[in-house]
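Data block for input-v6.txt (compact mmCIF, C-alpha atoms):
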```txt
# COMPACT_ATOMS: atom_id res chain seq x y z
CA MET A 1 40.46 188.05 -102.42
CA SER A 2 36.71 187.51 -102.78
CA LYS A 3 35.25 190.05 -100.37
CA ASP A 4 35.19 193.74 -101.26
CA ASP A 5 36.48 194.52 -97.77
CA ASP A 6 39.58 192.42 -98.46
CA LYS A 7 40.50 194.04 -101.74
CA ILE A 8 43.64 196.13 -101.93
CA SER A 9 44.46 198.98 -104.26
CA GLU A 10 47.08 198.72 -107.01
CA GLU A 11 49.45 200.92 -104.98
CA GLU A 12 49.02 198.73 -101.89
CA GLY A 13 49.62 195.66 -104.03
CA LYS A 14 52.93 197.05 -105.27
CA GLY A 15 53.96 197.68 -101.68
CA ILE A 16 53.24 194.10 -100.68
CA GLU A 17 54.85 192.81 -103.89
CA LYS A 18 58.18 194.17 -102.73
CA LEU A 19 57.74 192.08 -99.61
CA SER A 20 57.08 188.84 -101.48
CA THR A 21 60.78 188.00 -101.56
CA THR A 22 60.79 187.68 -97.77
CA GLU A 23 59.20 185.00 -95.58
CA ILE A 24 55.65 186.36 -95.64
CA SER A 25 52.97 186.29 -98.33
CA GLU A 26 50.36 188.95 -99.08
CA LYS A 27 47.62 186.69 -97.72
CA SER A 28 49.50 185.99 -94.49
CA LEU A 29 50.28 189.65 -93.91
CA LEU A 30 46.69 190.78 -94.45
CA ALA A 31 45.46 187.95 -92.19
CA THR A 32 47.25 189.59 -89.24
CA GLY A 33 44.84 192.52 -89.42
CA ILE A 34 47.79 194.92 -89.64
CA ARG A 35 45.78 197.45 -91.69
CA VAL A 36 42.42 197.23 -89.89
CA GLY A 37 41.88 200.43 -87.92
CA THR A 38 39.15 201.66 -85.60
CA LEU A 39 35.78 203.38 -86.01
CA VAL A 40 37.45 206.71 -85.21
CA LYS A 41 39.57 208.77 -87.61
CA THR A 42 41.67 211.70 -86.41
CA LYS A 43 42.99 214.47 -88.65
CA PHE A 44 46.51 213.24 -87.86
CA MET A 45 45.86 209.76 -89.26
CA ALA A 46 43.56 210.69 -92.16
CA PRO A 47 46.46 210.76 -94.71
CA PHE A 48 47.24 207.11 -93.94
CA ILE A 49 43.69 205.80 -94.44
CA SER A 50 42.77 204.31 -97.80
CA ARG A 51 39.04 203.76 -97.25
CA THR A 52 36.27 202.96 -94.79
CA ARG A 53 34.69 199.52 -94.66
CA SER A 54 30.93 198.92 -94.70
CA ASP A 55 31.06 198.22 -90.95
CA GLY A 56 32.60 201.64 -90.29
CA LEU A 57 36.16 200.49 -89.61
CA HIS A 58 38.80 202.62 -91.27
CA ILE A 59 41.37 200.74 -93.34
CA ILE A 60 45.01 201.84 -93.32
CA ASP A 61 46.90 201.96 -96.61
CA ILE A 62 49.31 199.05 -96.16
CA SER A 63 51.74 200.43 -98.74
CA LYS A 64 52.22 203.44 -96.44
CA THR A 65 52.64 201.13 -93.44
CA LEU A 66 55.39 199.18 -95.21
CA ALA A 67 57.07 202.37 -96.44
CA ARG A 68 57.11 203.83 -92.91
CA ILE A 69 58.50 200.60 -91.46
CA GLU A 70 61.38 200.84 -93.92
CA ILE A 71 62.00 204.49 -93.04
CA ALA A 72 61.88 203.64 -89.34
CA GLY A 73 64.23 200.68 -89.81
CA ARG A 74 66.79 202.87 -91.55
CA PHE A 75 66.40 205.58 -88.90
CA ILE A 76 66.77 203.16 -85.97
CA SER A 77 69.84 201.50 -87.49
CA SER A 78 71.60 204.89 -87.53
CA TYR A 79 71.49 204.99 -83.71
CA ASP A 80 73.47 203.12 -81.07
CA ILE A 81 70.93 200.30 -80.69
CA SER A 82 71.95 199.76 -77.06
CA LYS A 83 70.47 203.19 -76.32
CA VAL A 84 67.18 202.60 -78.13
CA VAL A 85 64.23 201.88 -75.81
CA VAL A 86 61.16 199.94 -76.97
CA TYR A 87 58.14 200.30 -74.69
CA SER A 88 54.62 198.88 -74.55
CA ALA A 89 52.01 199.08 -71.83
CA ARG A 90 49.78 196.76 -73.84
CA GLU A 91 49.79 193.09 -72.87
CA TYR A 92 49.80 192.11 -76.55
CA GLY A 93 52.92 194.21 -77.04
CA LYS A 94 55.01 192.23 -74.54
CA THR A 95 56.30 189.39 -76.73
CA PRO A 96 56.76 191.51 -79.89
CA VAL A 97 58.83 194.04 -77.91
CA GLU A 98 60.92 191.34 -76.24
CA LYS A 99 61.60 189.48 -79.50
CA PHE A 100 62.45 192.71 -81.33
CA CYS A 101 64.92 193.68 -78.61
CA GLU A 102 66.43 190.20 -78.45
CA LEU A 103 67.21 190.30 -82.17
CA THR A 104 68.36 193.92 -82.38
CA GLY A 105 69.93 194.64 -78.98
CA ALA A 106 67.50 197.43 -78.03
CA ILE A 107 66.22 197.90 -74.45
CA PRO A 108 62.76 196.38 -73.76
CA ILE A 109 60.33 197.88 -71.24
CA THR A 110 56.83 196.43 -70.84
CA GLY A 111 54.05 196.94 -68.32
CA ARG A 112 54.17 200.05 -66.16
CA PHE A 113 56.55 202.83 -67.17
CA MET A 114 58.20 204.15 -64.03
CA PRO A 115 58.16 207.97 -63.75
CA GLY A 116 61.65 209.39 -63.97
CA THR A 117 63.01 206.67 -66.25
CA PHE A 118 64.08 209.35 -68.74
CA THR A 119 63.79 212.56 -66.72
CA ASN A 120 65.33 211.79 -63.31
CA PRO A 121 69.08 210.95 -63.37
CA LEU A 122 68.90 210.07 -59.66
CA TYR A 123 66.30 207.35 -60.23
CA PRO A 124 68.05 203.92 -60.00
CA GLY A 125 66.28 202.73 -63.16
CA HIS A 126 67.18 205.86 -65.16
CA ILE A 127 67.99 205.25 -68.84
CA ASP A 128 69.94 207.69 -70.96
CA ALA A 129 68.02 206.83 -74.10
CA GLU A 130 68.64 208.29 -77.54
CA LEU A 131 65.45 207.01 -79.21
CA ILE A 132 62.17 205.42 -78.09
CA ILE A 133 59.69 203.22 -79.95
CA VAL A 134 56.17 202.80 -78.50
CA THR A 135 53.20 200.68 -79.52
CA ASP A 136 50.56 203.35 -78.86
CA PRO A 137 51.22 207.04 -78.05
CA ALA A 138 47.93 207.22 -76.12
CA VAL A 139 48.42 204.17 -73.90
CA ASP A 140 52.19 204.75 -73.61
CA TYR A 141 51.73 208.46 -72.83
CA GLN A 142 54.02 208.51 -69.75
CA ALA A 143 56.99 207.35 -71.82
CA VAL A 144 56.14 209.68 -74.71
CA ASP A 145 55.72 212.64 -72.34
CA GLU A 146 59.09 212.06 -70.67
CA ALA A 147 60.83 211.51 -73.99
CA THR A 148 59.37 214.78 -75.32
CA LYS A 149 60.53 216.70 -72.25
CA VAL A 150 64.16 215.63 -72.64
CA GLY A 151 64.25 215.72 -76.45
CA ILE A 152 64.28 211.99 -77.23
CA PRO A 153 62.82 211.25 -80.70
CA VAL A 154 59.64 209.14 -80.63
CA ILE A 155 58.65 206.48 -83.15
CA ALA A 156 55.11 205.20 -82.58
CA ILE A 157 52.79 202.63 -84.07
CA CYS A 158 49.64 204.67 -84.56
CA ASP A 159 46.10 203.50 -85.25
CA THR A 160 43.41 205.55 -86.99
CA ASP A 161 42.25 207.09 -83.68
CA ASN A 162 45.64 208.32 -82.48
CA VAL A 163 46.75 211.92 -81.93
CA THR A 164 50.35 212.20 -83.06
CA SER A 165 51.37 215.64 -81.77
CA ASN A 166 54.39 214.31 -79.84
CA VAL A 167 55.38 211.62 -82.34
CA ASP A 168 58.37 212.22 -84.61
CA LEU A 169 57.82 209.23 -86.90
CA VAL A 170 54.44 207.55 -87.34
CA ILE A 171 54.10 203.89 -88.35
CA PRO A 172 50.41 203.60 -89.34
CA ALA A 173 49.04 200.20 -88.30
CA ASN A 174 46.62 198.32 -86.09
CA ASN A 175 48.24 198.70 -82.65
CA ARG A 176 45.69 196.68 -80.67
CA GLY A 177 45.68 193.22 -82.26
CA ARG A 178 48.28 190.73 -81.06
CA LYS A 179 48.87 189.36 -84.57
CA ALA A 180 49.09 192.87 -86.00
CA LEU A 181 51.64 193.98 -83.40
CA ALA A 182 53.64 190.82 -84.03
CA ALA A 183 53.68 191.59 -87.76
CA VAL A 184 54.78 195.21 -87.30
CA PHE A 185 57.62 194.35 -84.93
CA TRP A 186 58.74 191.41 -87.06
CA LEU A 187 58.89 193.58 -90.16
CA LEU A 188 60.60 196.37 -88.21
CA ALA A 189 63.20 193.98 -86.77
CA LYS A 190 63.94 192.66 -90.27
CA SER A 191 64.32 196.21 -91.58
CA VAL A 192 66.64 197.28 -88.74
CA LEU A 193 68.82 194.18 -89.09
CA THR A 194 68.99 194.58 -92.86
CA HIS A 195 69.88 198.28 -92.74
CA SER A 196 72.47 197.70 -90.04
CA GLY A 197 74.10 194.96 -92.10
CA ALA A 198 73.40 192.23 -89.55
CA LEU A 199 71.08 190.49 -92.01
CA SER A 200 71.40 190.20 -95.77
CA PRO A 201 68.25 191.07 -97.80
CA GLY A 202 67.40 187.45 -98.62
CA GLN A 203 68.47 185.95 -95.32
CA PRO A 204 65.68 184.48 -93.14
CA MET A 205 65.09 185.79 -89.64
CA LYS A 206 65.69 183.66 -86.56
CA TYR A 207 62.00 183.93 -85.62
CA THR A 208 58.74 183.86 -87.59
CA ILE A 209 55.88 186.33 -87.14
CA GLU A 210 54.10 183.68 -85.05
CA ASP A 211 57.07 183.66 -82.67
CA PHE A 212 56.53 187.38 -82.17
CA GLU A 213 52.92 186.87 -81.01
CA THR A 214 51.96 187.20 -77.36
CA LYS A 215 50.26 183.86 -76.69
CA LEU A 216 46.87 183.59 -75.04
CA VAL A 217 46.64 181.70 -71.76
CA GLU A 218 44.59 178.93 -73.37
CA GLU A 219 47.25 178.43 -76.06
CA GLU A 220 50.02 178.17 -73.48
CA ALA A 221 48.05 175.53 -71.57
CA GLU A 222 47.71 173.26 -74.61
```
Written as structure tokens, how would this file's structure read?
Amino acid sequence: MSKDDDKISEEEGKGIEKLSTTEISEKSLLATGIRVGTLVKTKFMAPFISRTRSDGLHIIDISKTLARIEIAGRFISSYDISKVVVYSAREYGKTPVEKFCELTGAIPITGRFMPGTFTNPLYPGHIDAELIIVTDPAVDYQAVDEATKVGIPVIAICDTDNVTSNVDLVIPANNRGRKALAAVFWLLAKSVLTHSGALSPGQPMKYTIEDFETKLVEEEAE
């Protein structure tokens, strides 16, 4: 990497090195912007930040991102996947969530989260979930709030500006970029499938990271 802003630490390099046996290279992973945070840093996310770029953007330690994805994958695989809900209010989270759920068997919810989904047993769309994964605890607050009220563990992709008070397991990563979200969910799907025994360590996934991306309207029209 030629630019100072693109350099990674030795520890981060070791984290990515472990990933080199899969279908993604260091260069490809970094190109998704998975570690590029925001201009804001909260006390909750400070431990996951490796440095601040010259333009003020905080950079997430990718070795910690990869380590948390592995922890989350192992944790998710210990649950009945048919009772795991994956939610995103973000438009860029739609395809990653759907692809993740297609491969793992989890329940996808995108767009508006209907009040009572977790808390009201009389609501027709009620789900008796055992675990929820969200793309942003701030944007997906309705789902996080309901999960907290009924004691459902919350796994959340958290950027440098997130408050993680109601999050049980933080996955530190860029949760705004469509390529970054695709990368996180692709890696998480691979981890879940591997830990559950549905995929052997060296076995390729059905979809690539690009398949996990929410396409722009212009791209779809081509």
Env of region 210-212 of chain A: 7 Å cut, atoms = only C-alpha atoms, seq-sep filter 4 positions within chain, self excluded. Answer as a PDB file with C-alpha atoms, keeping the file's coordinate frame.
```pdb
ATOM      1  CA  THR A  95      56.300 189.390 -76.730  1.00  0.00           C
ATOM      2  CA  PRO A  96      56.760 191.510 -79.890  1.00  0.00           C
ATOM      3  CA  LYS A  99      61.600 189.480 -79.500  1.00  0.00           C
ATOM      4  CA  ALA A 182      53.640 190.820 -84.030  1.00  0.00           C
ATOM      5  CA  TRP A 186      58.740 191.410 -87.060  1.00  0.00           C
TER       6      TRP A 186
END
```
Which residues are close to Val36 (chain A), i.e. within 10 Å by only C-alpha atoms, leaving aside same-chain residues fewer than 5 positions away? Reply as a PDB file with C-alpha atoms, keeping the file's coordinate frame.
```
ATOM      1  CA  LEU A  30      46.690 190.780 -94.450  1.00  0.00           C
ATOM      2  CA  ILE A  49      43.690 205.800 -94.440  1.00  0.00           C
ATOM      3  CA  THR A  52      36.270 202.960 -94.790  1.00  0.00           C
ATOM      4  CA  ARG A  53      34.690 199.520 -94.660  1.00  0.00           C
ATOM      5  CA  LEU A  57      36.160 200.490 -89.610  1.00  0.00           C
ATOM      6  CA  HIS A  58      38.800 202.620 -91.270  1.00  0.00           C
ATOM      7  CA  ILE A  59      41.370 200.740 -93.340  1.00  0.00           C
ATOM      8  CA  ILE A  60      45.010 201.840 -93.320  1.00  0.00           C
ATOM      9  CA  ASP A  61      46.900 201.960 -96.610  1.00  0.00           C
ATOM     10  CA  ILE A  62      49.310 199.050 -96.160  1.00  0.00           C
ATOM     11  CA  ASP A 159      46.100 203.500 -85.250  1.00  0.00           C
ATOM     12  CA  THR A 160      43.410 205.550 -86.990  1.00  0.00           C
ATOM     13  CA  ALA A 173      49.040 200.200 -88.300  1.00  0.00           C
ATOM     14  CA  ASN A 174      46.620 198.320 -86.090  1.00  0.00           C
ATOM     15  CA  ASN A 175      48.240 198.700 -82.650  1.00  0.00           C
ATOM     16  CA  ARG A 176      45.690 196.680 -80.670  1.00  0.00           C
ATOM     17  CA  GLY A 177      45.680 193.220 -82.260  1.00  0.00           C
ATOM     18  CA  ALA A 180      49.090 192.870 -86.000  1.00  0.00           C
TER      19      ALA A 180
END
```
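Proximity to Leu187 (chain A) was assessed for A:Ile107, A:Leu122, A:Ile209, A:Ala156 counting only C-alpha atoms; the smallest distance is recorded for A:Ile209.
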Check: Just how far from CA of Ala67 (chain A) is CA of Ala46 (chain A), in Å to one decimal?
Finding: 16.4 Å
Margin query: Here is a test: counting all atoms listed in the file, which residue of A:Ser50, A:Ser191, A:Ser88, A:Thr164 is nearest to Pro204 (chain A)?
Written below: A:Ser191
What lies within 10 Å of Ile157 (chain A) using all atoms listed in the file, ignoring chain neighbours under 6 positions off, as an mmCIF file with C-alpha atoms, in the coordinates of the input?
```cif
data_model
loop_
_atom_site.group_PDB
_atom_site.id
_atom_site.type_symbol
_atom_site.label_atom_id
_atom_site.label_comp_id
_atom_site.auth_asym_id
_atom_site.auth_seq_id
_atom_site.Cartn_x
_atom_site.Cartn_y
_atom_site.Cartn_z
ATOM 1 C CA THR A 65 52.640 201.130 -93.440
ATOM 2 C CA ARG A 68 57.110 203.830 -92.910
ATOM 3 C CA ILE A 69 58.500 200.600 -91.460
ATOM 4 C CA ILE A 133 59.690 203.220 -79.950
ATOM 5 C CA VAL A 134 56.170 202.800 -78.500
ATOM 6 C CA THR A 135 53.200 200.680 -79.520
ATOM 7 C CA ASP A 136 50.560 203.350 -78.860
ATOM 8 C CA PRO A 137 51.220 207.040 -78.050
ATOM 9 C CA THR A 164 50.350 212.200 -83.060
ATOM 10 C CA VAL A 167 55.380 211.620 -82.340
ATOM 11 C CA LEU A 169 57.820 209.230 -86.900
ATOM 12 C CA VAL A 170 54.440 207.550 -87.340
ATOM 13 C CA ILE A 171 54.100 203.890 -88.350
ATOM 14 C CA PRO A 172 50.410 203.600 -89.340
ATOM 15 C CA ALA A 173 49.040 200.200 -88.300
ATOM 16 C CA ASN A 174 46.620 198.320 -86.090
ATOM 17 C CA ASN A 175 48.240 198.700 -82.650
ATOM 18 C CA ARG A 176 45.690 196.680 -80.670
ATOM 19 C CA LEU A 181 51.640 193.980 -83.400
ATOM 20 C CA VAL A 184 54.780 195.210 -87.300
ATOM 21 C CA PHE A 185 57.620 194.350 -84.930
#
```
Notebook entry, point to check: Which distance in Å separates CA of Val144 (chain A) and CA of Tyr123 (chain A), to one decimal?
Noted result: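 That distance, rounded to one decimal, is 17.8 Å.
Here the question is which of A:Asn162, A:Ser28, A:Asn120, A:Ser77 gets nearest to Ala198 (chain A) using all atoms listed in the file, and that residue is A:Ser77.
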Item checked: Shortest interatomic distance to Lys149 (chain A) - which of A:Ile127, A:Arg178, A:Thr119, A:Arg35, counting all atoms listed in the file ->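 Among the listed residues, the smallest separation from Lys149 (chain A) belongs to A:Thr119.
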Item checked: Nearest to Thr104 (chain A), chosen from A:Lys206, A:Lys64, A:Lys43, A:Lys215, with only C-alpha atoms counted in the distances ->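 Ranking A:Lys206, A:Lys64, A:Lys43, A:Lys215 by distance to Thr104 (chain A), first place goes to A:Lys206.
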Checklist line | Contacts of Leu193 (chain A) at 12 Å (all atoms listed in the file; same-chain gap of 3+ positions) as JSON, numbers by chain | finding: {"A": [70, 72, 73, 74, 75, 76, 77, 78, 81, 100, 101, 102, 103, 104, 105, 106, 185, 186, 187, 188, 189, 190, 196, 197, 198, 199, 200, 201, 202, 203, 204, 205, 206]}
Atoms to include: C-alpha atoms. Write the selected residues as a short mmCIF file (atom, residue, chain, number, x, y, z; two decimals), keeping the file's coordinate frame.
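File written: selection33.cif
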```cif
data_model
loop_
_atom_site.label_atom_id
_atom_site.label_comp_id
_atom_site.auth_asym_id
_atom_site.auth_seq_id
_atom_site.Cartn_x
_atom_site.Cartn_y
_atom_site.Cartn_z
CA GLU A 70 61.38 200.84 -93.92
CA ALA A 72 61.88 203.64 -89.34
CA GLY A 73 64.23 200.68 -89.81
CA ARG A 74 66.79 202.87 -91.55
CA PHE A 75 66.40 205.58 -88.90
CA ILE A 76 66.77 203.16 -85.97
CA SER A 77 69.84 201.50 -87.49
CA SER A 78 71.60 204.89 -87.53
CA ILE A 81 70.93 200.30 -80.69
CA PHE A 100 62.45 192.71 -81.33
CA CYS A 101 64.92 193.68 -78.61
CA GLU A 102 66.43 190.20 -78.45
CA LEU A 103 67.21 190.30 -82.17
CA THR A 104 68.36 193.92 -82.38
CA GLY A 105 69.93 194.64 -78.98
CA ALA A 106 67.50 197.43 -78.03
CA PHE A 185 57.62 194.35 -84.93
CA TRP A 186 58.74 191.41 -87.06
CA LEU A 187 58.89 193.58 -90.16
CA LEU A 188 60.60 196.37 -88.21
CA ALA A 189 63.20 193.98 -86.77
CA LYS A 190 63.94 192.66 -90.27
CA SER A 196 72.47 197.70 -90.04
CA GLY A 197 74.10 194.96 -92.10
CA ALA A 198 73.40 192.23 -89.55
CA LEU A 199 71.08 190.49 -92.01
CA SER A 200 71.40 190.20 -95.77
CA PRO A 201 68.25 191.07 -97.80
CA GLY A 202 67.40 187.45 -98.62
CA GLN A 203 68.47 185.95 -95.32
CA PRO A 204 65.68 184.48 -93.14
CA MET A 205 65.09 185.79 -89.64
CA LYS A 206 65.69 183.66 -86.56
#
```
Next item on the list: Counting only C-alpha atoms, figure out which residue out of A:Val139, A:Ile155, A:Met45, A:Ala183 gets nearest to Glu213 (chain A).
Entry: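 Checking each of A:Val139, A:Ile155, A:Met45, A:Ala183 against Glu213 (chain A), counting only C-alpha atoms, the winner is A:Ala183.
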